[in-house]
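Data block for model37.txt (compact mmCIF, C-alpha atoms and all ligand atoms):
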```txt
# COMPACT_ATOMS: atom_id res chain seq x y z
CA MET P 1 12.70 7.92 17.20
CA LEU P 2 10.89 10.42 15.00
CA ASN P 3 9.87 13.83 16.34
CA GLY P 4 8.93 15.80 13.22
CA GLU P 5 12.31 17.45 12.71
CA LYS P 6 13.22 17.85 9.08
CA LYS P 7 14.73 14.96 7.14
CA ILE P 8 14.89 16.88 3.88
CA ALA P 9 15.90 20.48 3.14
CA ARG P 10 12.34 21.76 2.72
CA PRO P 11 8.85 20.30 2.45
CA LEU P 12 7.80 19.07 -0.98
CA ARG P 13 5.01 20.86 -2.82
CA TRP P 14 2.36 18.17 -2.98
CA ALA P 15 -1.02 17.72 -4.70
CA MET P 16 -3.67 15.03 -4.71
CA VAL P 17 -5.66 13.51 -7.54
CA GLY P 18 -8.81 12.03 -6.03
CA GLY P 19 -9.23 11.44 -2.32
CA GLY P 20 -12.05 13.99 -2.19
CA ARG P 21 -14.96 14.45 0.20
CA LEU P 22 -16.54 11.04 -0.40
CA GLY P 23 -13.33 9.13 -1.08
CA GLN P 24 -12.50 6.39 1.40
CA VAL P 25 -8.73 6.59 1.38
CA GLY P 26 -7.95 10.28 0.80
CA TYR P 27 -7.77 11.28 4.46
CA LYS P 28 -5.30 8.50 5.18
CA HIS P 29 -2.96 10.04 2.61
CA ARG P 30 -3.29 13.48 4.17
CA THR P 31 -2.87 12.12 7.70
CA GLY P 32 0.31 10.39 6.56
CA ALA P 33 1.81 13.09 4.38
CA LEU P 34 1.03 16.03 6.65
CA ARG P 35 2.03 14.45 9.96
CA ASP P 36 5.52 15.88 9.69
CA ASN P 37 5.02 19.33 8.24
CA THR P 38 8.67 19.20 7.32
CA ALA P 39 7.97 16.58 4.63
CA PHE P 40 5.00 17.64 2.47
CA GLN P 41 2.79 20.69 2.01
CA LEU P 42 -0.59 20.24 0.33
CA VAL P 43 -0.73 23.12 -2.16
CA ALA P 44 -3.07 21.91 -4.94
CA GLY P 45 -5.49 19.21 -5.96
CA ALA P 46 -7.94 17.75 -8.45
CA PHE P 47 -9.72 16.05 -5.60
CA ASP P 48 -12.91 14.80 -7.16
CA ILE P 49 -14.48 13.51 -10.34
CA ASP P 50 -17.07 16.24 -9.66
CA PRO P 51 -15.08 19.50 -10.07
CA GLU P 52 -17.44 21.67 -7.99
CA ARG P 53 -17.46 19.28 -5.07
CA GLY P 54 -13.68 18.91 -5.42
CA ARG P 55 -13.13 22.68 -5.28
CA ASP P 56 -15.42 23.13 -2.30
CA PHE P 57 -13.67 20.29 -0.52
CA GLY P 58 -10.18 21.57 -1.37
CA VAL P 59 -10.96 25.03 -0.01
CA ASN P 60 -12.40 23.45 3.14
CA ILE P 61 -9.14 21.63 3.82
CA GLY P 62 -7.09 24.79 3.30
CA VAL P 63 -6.03 24.67 -0.36
CA ALA P 64 -6.16 27.98 -2.28
CA GLU P 65 -9.26 28.11 -4.49
CA ASN P 66 -7.25 28.89 -7.63
CA ARG P 67 -5.21 25.72 -7.05
CA CYS P 68 -8.25 23.43 -6.76
CA TYR P 69 -8.50 22.21 -10.34
CA ASP P 70 -11.32 20.70 -12.40
CA ASP P 71 -9.18 17.76 -13.49
CA TYR P 72 -5.64 16.46 -13.23
CA LYS P 73 -4.62 17.41 -16.77
CA THR P 74 -5.45 21.07 -16.15
CA MET P 75 -3.62 20.86 -12.83
CA PHE P 76 -0.44 19.45 -14.36
CA GLY P 77 -0.50 22.13 -17.11
CA GLU P 78 -1.19 25.13 -14.89
CA GLU P 79 1.12 24.08 -12.08
CA ALA P 80 3.99 23.59 -14.55
CA ALA P 81 3.70 27.28 -15.44
CA ARG P 82 4.18 28.40 -11.79
CA GLU P 83 7.54 28.94 -10.18
CA ASP P 84 6.19 27.38 -7.01
CA GLY P 85 4.38 24.60 -8.91
CA ILE P 86 3.78 21.13 -7.52
CA GLU P 87 6.61 18.58 -7.39
CA VAL P 88 4.79 15.41 -6.40
CA ILE P 89 1.25 14.06 -6.60
CA SER P 90 -0.63 11.30 -4.84
CA ILE P 91 -3.20 9.29 -6.77
CA ALA P 92 -6.16 8.20 -4.64
CA THR P 93 -8.65 7.34 -7.38
CA PRO P 94 -10.21 4.01 -8.42
CA ASN P 95 -7.76 1.42 -9.82
CA GLY P 96 -8.62 1.80 -13.50
CA THR P 97 -7.40 5.42 -13.59
CA HIS P 98 -3.98 4.90 -11.94
CA TYR P 99 -2.03 4.09 -15.09
CA GLU P 100 -3.11 7.09 -17.16
CA ILE P 101 -2.76 9.58 -14.29
CA CYS P 102 0.64 8.20 -13.31
CA LYS P 103 1.89 8.36 -16.89
CA ALA P 104 0.66 11.92 -17.36
CA ALA P 105 2.27 12.99 -14.07
CA LEU P 106 5.66 11.53 -14.95
CA GLU P 107 5.47 13.14 -18.39
CA ALA P 108 4.76 16.44 -16.63
CA GLY P 109 7.97 15.95 -14.60
CA LEU P 110 6.31 15.02 -11.30
CA HIS P 111 7.11 12.37 -8.73
CA VAL P 112 4.19 10.03 -8.04
CA ILE P 113 2.77 8.29 -5.00
CA CYS P 114 0.03 5.93 -6.13
CA GLU P 115 -2.58 3.69 -4.60
CA LYS P 116 -2.51 -0.06 -4.91
CA PRO P 117 -3.04 -2.18 -6.88
CA LEU P 118 -0.73 -0.02 -8.96
CA PHE P 119 -2.07 -0.91 -12.44
CA PHE P 120 -3.89 -3.77 -14.19
CA THR P 121 -0.89 -5.52 -15.82
CA THR P 122 2.82 -6.03 -15.18
CA ASP P 123 3.48 -4.78 -18.72
CA GLU P 124 1.97 -1.43 -17.74
CA VAL P 125 4.11 -1.30 -14.60
CA ARG P 126 7.28 -2.11 -16.53
CA GLU P 127 6.48 0.63 -19.04
CA ILE P 128 5.92 3.18 -16.26
CA LYS P 129 9.05 2.02 -14.46
CA SER P 130 11.12 2.80 -17.59
CA LEU P 131 9.41 6.17 -17.93
CA ALA P 132 10.13 7.00 -14.27
CA GLU P 133 13.77 6.02 -14.74
CA GLU P 134 14.02 8.13 -17.89
CA LYS P 135 12.52 11.13 -16.07
CA GLY P 136 14.52 10.56 -12.86
CA LYS P 137 11.37 10.35 -10.74
CA ILE P 138 10.13 8.20 -7.87
CA VAL P 139 6.94 6.15 -7.98
CA GLY P 140 5.90 5.06 -4.49
CA VAL P 141 2.96 2.79 -3.65
CA THR P 142 0.77 3.28 -0.58
CA TYR P 143 0.76 -0.10 1.08
CA GLY P 144 -0.47 1.82 4.09
CA PHE P 145 -0.05 -0.88 6.76
CA SER P 146 3.57 -1.47 5.84
CA GLY P 147 4.88 1.50 7.82
CA ASN P 148 4.18 -0.35 11.05
CA GLN P 149 7.57 -0.61 12.69
CA MET P 150 6.92 -4.02 14.26
CA LEU P 151 7.20 -5.41 10.73
CA LEU P 152 10.79 -4.14 10.69
CA GLN P 153 11.30 -5.96 13.99
CA MET P 154 10.13 -9.16 12.29
CA ARG P 155 12.49 -8.49 9.39
CA ALA P 156 15.44 -7.95 11.77
CA MET P 157 14.70 -11.06 13.86
CA ILE P 158 14.41 -13.26 10.77
CA GLU P 159 17.64 -11.80 9.37
CA GLN P 160 19.35 -12.49 12.73
CA GLY P 161 18.26 -16.13 12.62
CA LYS P 162 15.97 -15.82 15.66
CA ILE P 163 13.40 -18.22 14.22
CA GLY P 164 15.75 -20.45 12.23
CA ASP P 165 14.97 -21.44 8.65
CA ILE P 166 11.54 -20.37 7.43
CA ARG P 167 9.24 -23.32 6.85
CA VAL P 168 5.68 -21.98 6.74
CA VAL P 169 4.29 -18.56 5.79
CA ASP P 170 0.71 -18.08 6.94
CA LEU P 171 -0.93 -14.91 5.63
CA GLN P 172 -4.48 -13.66 5.99
CA TYR P 173 -6.31 -10.48 5.15
CA THR P 174 -10.04 -10.96 5.60
CA HIS P 175 -13.09 -9.09 6.82
CA GLY P 176 -16.81 -9.68 6.72
CA PHE P 177 -18.12 -6.38 5.40
CA ASN P 178 -19.33 -7.91 2.11
CA ALA P 179 -20.78 -11.10 3.58
CA LEU P 180 -24.28 -10.00 2.58
CA GLU P 181 -25.37 -8.75 -0.82
CA GLU P 182 -25.65 -4.98 -0.45
CA GLU P 183 -29.10 -3.62 -1.34
CA LYS P 184 -27.60 -0.28 -2.23
CA PRO P 185 -23.85 -0.71 -2.64
CA SER P 186 -21.78 2.45 -2.23
CA ASP P 187 -20.02 3.85 -5.30
CA ALA P 188 -16.73 2.58 -3.85
CA GLN P 189 -18.18 -0.94 -3.57
CA LYS P 190 -19.73 -0.84 -7.05
CA TRP P 191 -16.44 -0.09 -8.84
CA ARG P 192 -14.58 -2.70 -6.77
CA VAL P 193 -16.51 -5.50 -8.50
CA ASP P 194 -16.48 -3.98 -11.98
CA PRO P 195 -13.51 -5.45 -13.90
CA LYS P 196 -13.34 -2.36 -16.13
CA ILE P 197 -12.51 -0.21 -13.08
CA ALA P 198 -11.18 -2.65 -10.49
CA GLY P 199 -9.05 -4.73 -12.86
CA PRO P 200 -8.81 -8.53 -12.89
CA SER P 201 -9.55 -9.07 -9.19
CA PHE P 202 -11.50 -7.82 -6.19
CA VAL P 203 -10.13 -9.02 -2.82
CA LEU P 204 -6.86 -10.34 -4.25
CA GLY P 205 -6.02 -6.79 -5.33
CA ASP P 206 -7.95 -4.84 -2.74
CA LEU P 207 -6.72 -6.74 0.31
CA SER P 208 -4.06 -9.35 -0.29
CA THR P 209 -1.61 -7.09 -2.16
CA HIS P 210 -1.04 -5.33 1.19
CA THR P 211 -0.25 -8.54 3.03
CA TYR P 212 1.84 -9.93 0.21
CA TYR P 213 3.99 -6.77 0.20
CA MET P 214 4.30 -6.91 3.99
CA SER P 215 5.47 -10.52 3.76
CA GLN P 216 8.15 -9.44 1.30
CA LEU P 217 9.17 -6.57 3.55
CA ILE P 218 9.59 -9.02 6.42
CA MET P 219 11.29 -11.74 4.35
CA PRO P 220 13.07 -10.02 1.44
CA ASN P 221 14.92 -13.20 0.49
CA MET P 222 11.86 -15.42 0.17
CA LYS P 223 10.85 -15.80 -3.45
CA ILE P 224 7.74 -17.64 -4.62
CA LYS P 225 8.45 -20.45 -7.09
CA GLU P 226 4.88 -21.49 -7.87
CA LEU P 227 1.38 -20.92 -6.57
CA LEU P 228 -2.16 -22.23 -6.77
CA CYS P 229 -5.15 -19.92 -6.37
CA ASP P 230 -8.77 -20.91 -5.88
CA ARG P 231 -11.18 -17.98 -5.99
CA GLN P 232 -14.94 -17.65 -5.69
CA SER P 233 -17.71 -15.06 -5.90
CA PHE P 234 -20.01 -16.19 -3.12
CA ILE P 235 -22.27 -13.26 -3.99
CA LYS P 236 -22.95 -14.13 -7.62
CA SER P 237 -23.45 -10.55 -8.81
CA ARG P 238 -19.74 -9.98 -8.09
CA ALA P 239 -18.63 -12.59 -10.65
CA PRO P 240 -16.22 -12.79 -12.35
CA LEU P 241 -14.44 -10.97 -9.54
CA GLU P 242 -13.87 -12.91 -6.34
CA ASP P 243 -14.98 -12.05 -2.83
CA ASN P 244 -12.93 -14.92 -1.41
CA ALA P 245 -9.68 -16.63 -2.39
CA HIS P 246 -7.19 -19.11 -1.02
CA VAL P 247 -3.66 -19.23 -2.38
CA LEU P 248 -1.06 -21.95 -1.76
CA MET P 249 2.57 -21.02 -2.32
CA HIS P 250 5.79 -22.95 -2.77
CA TYR P 251 8.89 -20.86 -2.14
CA GLU P 252 12.23 -21.39 -3.85
CA ASN P 253 13.89 -22.44 -0.56
CA GLY P 254 11.37 -25.24 0.04
CA ALA P 255 9.13 -23.28 2.42
CA VAL P 256 5.37 -23.38 1.90
CA GLY P 257 2.77 -20.68 2.38
CA THR P 258 -0.90 -19.81 2.31
CA MET P 259 -2.86 -16.61 1.85
CA TRP P 260 -6.55 -16.37 2.71
CA THR P 261 -8.14 -13.19 1.49
CA SER P 262 -11.84 -12.52 1.80
CA SER P 263 -14.49 -9.89 2.32
CA ILE P 264 -17.14 -12.48 3.20
CA ASN P 265 -15.56 -13.71 6.45
CA ALA P 266 -18.84 -13.02 8.24
CA GLY P 267 -18.44 -11.36 11.62
CA CYS P 268 -14.75 -10.69 11.15
CA MET P 269 -13.91 -7.05 11.84
CA ASP P 270 -10.18 -7.18 11.08
CA GLY P 271 -8.60 -10.49 10.15
CA HIS P 272 -5.23 -9.22 9.00
CA ARG P 273 -2.50 -11.51 10.24
CA ILE P 274 1.03 -12.66 9.43
CA ARG P 275 2.55 -15.77 10.99
CA ILE P 276 6.03 -16.91 10.02
CA VAL P 277 7.02 -20.36 11.23
CA GLY P 278 10.72 -21.14 11.39
CA SER P 279 12.65 -24.27 12.36
CA LYS P 280 13.14 -23.00 15.96
CA ALA P 281 10.42 -20.44 16.59
CA SER P 282 7.52 -18.49 15.12
CA LEU P 283 6.58 -14.82 14.85
CA GLU P 284 3.00 -13.60 14.64
CA TRP P 285 1.59 -10.10 14.09
CA TRP P 286 -2.03 -8.97 13.94
CA ASP P 287 -3.07 -5.64 12.46
CA SER P 288 -5.70 -5.36 15.23
CA LYS P 289 -2.86 -5.19 17.81
CA PRO P 290 -0.20 -3.51 15.71
CA GLY P 291 2.10 -2.64 18.61
CA GLU P 292 2.54 -6.26 19.66
CA LEU P 293 4.57 -9.09 18.20
CA THR P 294 4.34 -12.64 19.46
CA TYR P 295 7.61 -14.57 19.58
CA GLU P 296 7.14 -18.27 20.26
CA VAL P 297 10.29 -20.32 20.76
CA GLN P 298 9.58 -24.03 20.76
CA GLY P 299 9.71 -25.33 24.35
CA GLU P 300 9.82 -21.88 25.99
CA PRO P 301 7.14 -19.55 27.36
CA ILE P 302 5.51 -17.39 24.68
CA GLN P 303 6.83 -13.81 24.60
CA THR P 304 4.96 -10.70 23.54
CA LEU P 305 7.29 -7.98 22.31
CA ILE P 306 5.85 -4.50 22.77
CA ARG P 307 6.42 -1.42 20.63
CA ALA P 308 8.88 1.30 21.67
CA MET P 309 10.88 -0.85 24.09
CA PRO P 310 14.68 -0.69 24.13
CA TYR P 311 14.99 -4.44 23.53
CA LEU P 312 13.68 -4.00 19.99
CA ASP P 313 15.94 -3.68 16.96
CA GLU P 314 17.32 -0.24 16.09
CA SER P 315 15.61 -0.37 12.67
CA CYS P 316 12.25 -0.80 14.39
CA ASN P 317 12.72 1.91 16.99
CA ALA P 318 13.98 4.35 14.34
CA ASP P 319 10.34 4.64 13.18
CA GLU P 320 8.92 5.08 16.67
CA ARG P 321 6.94 8.28 17.19
CA LEU P 322 4.95 8.41 20.42
CA GLY P 323 7.02 6.33 22.82
CA ALA P 324 6.03 3.55 25.19
CA LEU P 325 2.73 3.76 27.12
CA HIS P 326 0.98 5.42 24.17
CA VAL P 327 -0.95 3.71 21.41
CA GLU P 328 0.13 4.03 17.79
CA GLY P 329 -1.79 2.73 14.80
CA LEU P 330 -2.63 3.07 11.14
CA SER P 331 -2.09 6.86 10.94
CA ASP P 332 1.43 6.44 12.25
CA SER P 333 2.05 3.67 9.74
CA TRP P 334 0.98 5.98 6.90
CA ALA P 335 3.13 8.80 8.31
CA ASN P 336 6.14 6.48 8.32
CA ILE P 337 5.78 5.47 4.68
CA TYR P 338 5.06 9.04 3.57
CA LEU P 339 8.20 10.24 5.34
CA LYS P 340 10.18 7.61 3.44
CA PHE P 341 8.58 8.73 0.17
CA ALA P 342 9.78 12.29 0.95
CA VAL P 343 13.30 11.06 1.71
CA ALA P 344 13.30 8.98 -1.51
CA ILE P 345 12.09 11.90 -3.65
CA ASP P 346 14.65 14.23 -2.11
CA ALA P 347 17.45 11.69 -2.62
CA LYS P 348 16.39 11.07 -6.23
CA SER P 349 16.34 14.81 -6.93
CA ARG P 350 19.86 15.16 -5.51
CA GLY P 351 21.18 12.07 -7.31
CA ASP P 352 21.88 10.40 -3.95
CA GLU P 353 21.70 6.75 -5.04
CA GLU P 354 23.32 5.53 -1.80
CA THR P 355 20.36 6.76 0.30
CA LEU P 356 17.92 5.24 -2.18
CA LYS P 357 19.69 1.88 -2.10
CA ASN P 358 19.42 1.62 1.69
CA LEU P 359 15.89 2.98 2.07
CA VAL P 360 13.25 0.33 2.76
CA TYR P 361 9.93 1.60 1.41
CA PRO P 362 7.22 0.53 -1.06
CA ASP P 363 8.69 1.65 -4.37
CA ILE P 364 7.66 0.83 -7.95
CA ASP P 365 9.17 -2.65 -7.66
CA ALA P 366 6.81 -3.27 -4.74
CA GLY P 367 3.98 -2.08 -6.99
CA LEU P 368 5.18 -4.40 -9.74
CA GLU P 369 5.28 -7.37 -7.35
CA GLY P 370 1.69 -6.67 -6.25
CA VAL P 371 0.42 -6.67 -9.84
CA ARG P 372 2.51 -9.77 -10.57
CA TRP P 373 0.94 -11.48 -7.56
CA ILE P 374 -2.56 -10.71 -8.88
CA GLU P 375 -1.69 -11.80 -12.43
CA ASN P 376 -0.35 -15.16 -11.27
CA CYS P 377 -3.24 -15.78 -8.87
CA VAL P 378 -5.80 -14.99 -11.57
CA ARG P 379 -4.01 -17.16 -14.15
CA SER P 380 -4.03 -20.09 -11.74
CA ALA P 381 -7.70 -19.60 -10.80
CA GLU P 382 -8.83 -19.17 -14.42
CA ASN P 383 -7.16 -22.45 -15.35
CA GLY P 384 -9.14 -24.31 -12.69
CA ALA P 385 -7.05 -23.61 -9.58
CA VAL P 386 -3.87 -25.27 -10.84
CA TRP P 387 -0.23 -24.80 -9.85
CA VAL P 388 1.45 -22.18 -12.03
CA ASN P 389 5.07 -21.02 -12.10
CA PHE P 390 5.36 -17.56 -10.53
CA GLU P 391 6.18 -15.58 -13.66
P1 LIG P 401 -13.53 5.92 -3.60
O1 LIG P 401 -14.40 5.53 -4.73
O2 LIG P 401 -14.06 5.95 -2.22
O3 LIG P 401 -12.92 7.38 -3.87
C1 LIG P 401 -12.34 7.74 -5.08
C2 LIG P 401 -12.10 9.24 -5.10
O4 LIG P 401 -11.47 9.59 -6.32
C3 LIG P 401 -13.37 10.08 -5.02
O5 LIG P 401 -13.10 11.24 -4.27
C4 LIG P 401 -13.63 10.44 -6.51
O6 LIG P 401 -14.39 11.61 -6.68
C5 LIG P 401 -12.22 10.63 -6.98
N1 LIG P 401 -11.99 10.46 -8.42
C6 LIG P 401 -12.38 9.45 -9.22
N2 LIG P 401 -11.91 9.61 -10.47
C7 LIG P 401 -11.22 10.78 -10.45
C8 LIG P 401 -10.50 11.52 -11.44
N3 LIG P 401 -10.39 11.08 -12.69
N4 LIG P 401 -9.92 12.69 -11.05
C9 LIG P 401 -10.01 13.14 -9.79
N5 LIG P 401 -10.68 12.48 -8.82
C10 LIG P 401 -11.27 11.32 -9.16
O7 LIG P 401 -12.27 4.97 -3.68
P2 LIG P 401 -11.30 4.55 -2.49
O8 LIG P 401 -11.89 3.44 -1.72
O9 LIG P 401 -10.84 5.75 -1.77
O10 LIG P 401 -10.10 3.89 -3.33
C11 LIG P 401 -9.25 4.68 -4.12
C12 LIG P 401 -7.96 3.90 -4.36
O11 LIG P 401 -7.34 3.67 -3.11
C13 LIG P 401 -8.19 2.52 -4.97
O12 LIG P 401 -7.14 2.24 -5.85
C14 LIG P 401 -8.13 1.57 -3.78
O13 LIG P 401 -7.68 0.28 -4.14
C15 LIG P 401 -7.15 2.27 -2.89
N6 LIG P 401 -7.33 2.04 -1.45
C16 LIG P 401 -6.21 1.84 -0.71
C17 LIG P 401 -6.26 1.70 0.64
C18 LIG P 401 -4.98 1.56 1.39
O14 LIG P 401 -5.00 1.19 2.56
N7 LIG P 401 -3.85 1.85 0.77
C19 LIG P 401 -7.54 1.73 1.35
C20 LIG P 401 -8.68 1.99 0.49
C21 LIG P 401 -8.55 2.15 -0.86
```
Rewrite the structure of this file - the entire thing - as structure tokens.
Ligand code: NAI
Amino acid sequence: MLNGEKKIARPLRWAMVGGGRLGQVGYKHRTGALRDNTAFQLVAGAFDIDPERGRDFGVNIGVAENRCYDDYKTMFGEEAAREDGIEVISIATPNGTHYEICKAALEAGLHVICEKPLFFTTDEVREIKSLAEEKGKIVGVTYGFSGNQMLLQMRAMIEQGKIGDIRVVDLQYTHGFNALEEEKPSDAQKWRVDPKIAGPSFVLGDLSTHTYYMSQLIMPNMKIKELLCDRQSFIKSRAPLEDNAHVLMHYENGAVGTMWTSSINAGCMDGHRIRIVGSKASLEWWDSKPGELTYEVQGEPIQTLIRAMPYLDESCNADERLGALHVEGLSDSWANIYLKFAVAIDAKSRGDEETLKNLVYPDIDAGLEGVRWIENCVRSAENGAVWVNFE
């Protein structure tokens, strides 16, 4: 159980790039990072593409005015000259800026926590991975739902053979918020369908990378052998980027899988679901009821496992915060992954490879897998929705 006590010697001096007043995801980062004030302290930022608005915002959330910078390059330069300069940054800007900001941060000697999808190509991720290794720095990726501890319960139960051999993987991350063509799309919606800023996909990157990572967290031994992706832009102005896609997967062990990702699932408020079907039983988790896990053993009454109960696996309850009777949700999930980022950064700085080896968190390899997933899906779709080897 977590109670905010320190896990590392002192909080890390942390800054944000992006995530300003109008940014959609910035507050989730701050809610996660600042939950345990023993992990991170927000001391600086280049919060906004508009420097004035960014400074005003930074001051309003308690950052010293002289540490609210016009842009990230100035921030990295000026902070490097301070004895109490920043040690780690989070990148909460549109996709097309992640690579250059991440590279500049690593070159400035900073650890990085970056939004998904990490970059546009796996080549870029591999290059940044080498740079991070050379600099001895961590790159974490904010798959924000993945800190939900019931996913670790699924991982433990699968590892313990509670569902038998995995046969079917049924993944879905859909919503209906783009079912209609927006008359006046928000800035955040406009860039999401602009390949120059969003990259080679819309919902495959925006939504399904989360669920794909979560499936890997739950089933670390399940490797995709080949996949087929069919994608569409039901709202034509979004072409060539898709607002809907179906992916079929063949795993190396003979299991099969599907992913449905969509932002045109009209009426759907939160269709984020993972169902793993084994030879004896199935497990199912819905993001809309994150504290519950359904365990269905063939021929027996269906069980609902509830968060924070002593019958759950130790690995699951280790990330418990509020205890039974009280509702946890997305903020707690973000706090859990941010705490792991802090532990990883601290371990890396101390050369503690043993801690790093045993820590389960979304690292740069998780970022690489997400970009690889998109690349393979797009390659299949562009070739007419054909099976492609998962390269
Ligand atoms: P947004 O468009 O709402 O906000 C972007 C923010 O970055 C704004 O504050 C903007 O002023 C700022 N910005 C843009 N360029 C900048 C630059 N060069 N320097 C400093 N600030 C800059 O975008 P949104 O929806 O917040 O998405 C940002 C990233 O987060 C994307 O990569 C997206 O895929 C990801 N995301 C992740 C979520 C998650 O659950 N992990 C949820 C939503 C978005």
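Atom pair atom CA of P:Ser262 / atom CA of P:Ala239 has a distance of 14.2 Å (rounded to one decimal).
Considering the residues P:Ile49, P:Leu118, P:Ile8, P:Ala39 and counting all atoms listed in the file, P:Asp365 has its shortest atom-to-atom contact with P:Leu118.
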Self-check item: Test item: residues lying within 9 Å of ligand LIG 401 (chain P) with only C-alpha atoms and all ligand atoms, as a PyMOL selection string
Solution: chain P and resi 16-29+45-51+53-54+70-72+91-98+101+114-119+141-145+186-192+198+205-207+210+334
Find the residues of stretch 218-246 of chain P that sit at most 12 Å from stretch 157-176 of chain P; for each, write down the nearest two atoms and how far apart they are in Å, to one decimal. Count only C-alpha atoms. Sort by chain, then by number going up, and give it as JSON lines.
```
{"residue": "P:Ile218", "atom": "CA", "partner": "P:Ile158", "partner_atom": "CA", "distance": 7.8}
{"residue": "P:Met219", "atom": "CA", "partner": "P:Ile158", "partner_atom": "CA", "distance": 7.3}
{"residue": "P:Pro220", "atom": "CA", "partner": "P:Glu159", "partner_atom": "CA", "distance": 9.3}
{"residue": "P:Asn221", "atom": "CA", "partner": "P:Glu159", "partner_atom": "CA", "distance": 9.4}
{"residue": "P:Met222", "atom": "CA", "partner": "P:Ile166", "partner_atom": "CA", "distance": 8.8}
{"residue": "P:Lys223", "atom": "CA", "partner": "P:Val169", "partner_atom": "CA", "distance": 11.7}
{"residue": "P:Ile224", "atom": "CA", "partner": "P:Val169", "partner_atom": "CA", "distance": 11.0}
{"residue": "P:Asp243", "atom": "CA", "partner": "P:Thr174", "partner_atom": "CA", "distance": 9.8}
{"residue": "P:Asn244", "atom": "CA", "partner": "P:Thr174", "partner_atom": "CA", "distance": 8.6}
{"residue": "P:Ala245", "atom": "CA", "partner": "P:Thr174", "partner_atom": "CA", "distance": 9.8}
{"residue": "P:His246", "atom": "CA", "partner": "P:Gln172", "partner_atom": "CA", "distance": 9.3}
```
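The spacing separating atom CA of P:Trp285 from atom CA of P:Phe120 amounts to 29.5 Å.
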Given 4 Å on each side, where is the centre and what are the edge lengths in Å to one decimal of the axis-aligned box enclosing the listed atoms of stretch 35-48 of chain P, as AutoDock Vina command-line options?
```
--center_x -2.1 --center_y 18.8 --center_z 0.8 --size_x 29.6 --size_y 16.7 --size_z 26.4
```
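When atom CA of P:Phe202 is paired with atom CA of P:Arg231, their separation reads 10.2 Å.
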Practice problem: For P:Glu107, list every protein, DNA or RNA residue within 12 Å, evaluated using all atoms listed in the file, and leave out those in the same chain fewer than 5 positions away; present the list as an NGL selection string. | Solution: :P and (73 or 76-77 or 80 or 100-102 or 112 or 128 or 130-137)
Self-check item: Sphere at (-16.9, -10.5, -13.4), radius 9 Å, counting all atoms listed in the file: residues as an MDAnalysis selection string
Solution: chainID P and resid 193:195 200:201 233 237:242
Store the residues of this selection in a file with C-alpha atoms, as a PDB file, in the frame of the given file.
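Result written to selection.pdb:
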```
ATOM      1  CA  VAL P 193     -16.510  -5.500  -8.500  1.00  0.00           C
ATOM      2  CA  ASP P 194     -16.480  -3.980 -11.980  1.00  0.00           C
ATOM      3  CA  PRO P 195     -13.510  -5.450 -13.900  1.00  0.00           C
ATOM      4  CA  PRO P 200      -8.810  -8.530 -12.890  1.00  0.00           C
ATOM      5  CA  SER P 201      -9.550  -9.070  -9.190  1.00  0.00           C
ATOM      6  CA  SER P 233     -17.710 -15.060  -5.900  1.00  0.00           C
ATOM      7  CA  SER P 237     -23.450 -10.550  -8.810  1.00  0.00           C
ATOM      8  CA  ARG P 238     -19.740  -9.980  -8.090  1.00  0.00           C
ATOM      9  CA  ALA P 239     -18.630 -12.590 -10.650  1.00  0.00           C
ATOM     10  CA  PRO P 240     -16.220 -12.790 -12.350  1.00  0.00           C
ATOM     11  CA  LEU P 241     -14.440 -10.970  -9.540  1.00  0.00           C
ATOM     12  CA  GLU P 242     -13.870 -12.910  -6.340  1.00  0.00           C
TER      13      GLU P 242
END
```
Would you mind putting N, CA and C atoms back on stretch 286-294 of chain P and writing the result as a PDB file, in the frame of the given file?
```
ATOM      1  N   TRP P 286      -0.650  -9.254  14.328  1.00  0.00           N
ATOM      2  CA  TRP P 286      -2.030  -8.970  13.940  1.00  0.00           C
ATOM      3  C   TRP P 286      -2.183  -7.462  13.775  1.00  0.00           C
ATOM      4  N   ASP P 287      -2.793  -7.065  12.690  1.00  0.00           N
ATOM      5  CA  ASP P 287      -3.070  -5.640  12.460  1.00  0.00           C
ATOM      6  C   ASP P 287      -3.954  -5.057  13.571  1.00  0.00           C
ATOM      7  N   SER P 288      -4.798  -5.885  14.184  1.00  0.00           N
ATOM      8  CA  SER P 288      -5.700  -5.360  15.230  1.00  0.00           C
ATOM      9  C   SER P 288      -4.929  -5.032  16.520  1.00  0.00           C
ATOM     10  N   LYS P 289      -3.727  -5.563  16.675  1.00  0.00           N
ATOM     11  CA  LYS P 289      -2.860  -5.190  17.810  1.00  0.00           C
ATOM     12  C   LYS P 289      -1.487  -4.857  17.252  1.00  0.00           C
ATOM     13  N   PRO P 290      -1.404  -3.735  16.515  1.00  0.00           N
ATOM     14  CA  PRO P 290      -0.200  -3.510  15.710  1.00  0.00           C
ATOM     15  C   PRO P 290       1.067  -3.265  16.518  1.00  0.00           C
ATOM     16  N   GLY P 291       0.917  -2.911  17.780  1.00  0.00           N
ATOM     17  CA  GLY P 291       2.100  -2.640  18.610  1.00  0.00           C
ATOM     18  C   GLY P 291       2.641  -3.860  19.306  1.00  0.00           C
ATOM     19  N   GLU P 292       2.100  -5.034  18.989  1.00  0.00           N
ATOM     20  CA  GLU P 292       2.540  -6.260  19.660  1.00  0.00           C
ATOM     21  C   GLU P 292       3.026  -7.284  18.647  1.00  0.00           C
ATOM     22  N   LEU P 293       4.046  -8.017  19.040  1.00  0.00           N
ATOM     23  CA  LEU P 293       4.570  -9.090  18.200  1.00  0.00           C
ATOM     24  C   LEU P 293       4.780 -10.313  19.080  1.00  0.00           C
ATOM     25  N   THR P 294       4.191 -11.428  18.665  1.00  0.00           N
ATOM     26  CA  THR P 294       4.340 -12.640  19.460  1.00  0.00           C
ATOM     27  C   THR P 294       5.538 -13.424  18.956  1.00  0.00           C
TER      28      THR P 294
END
```
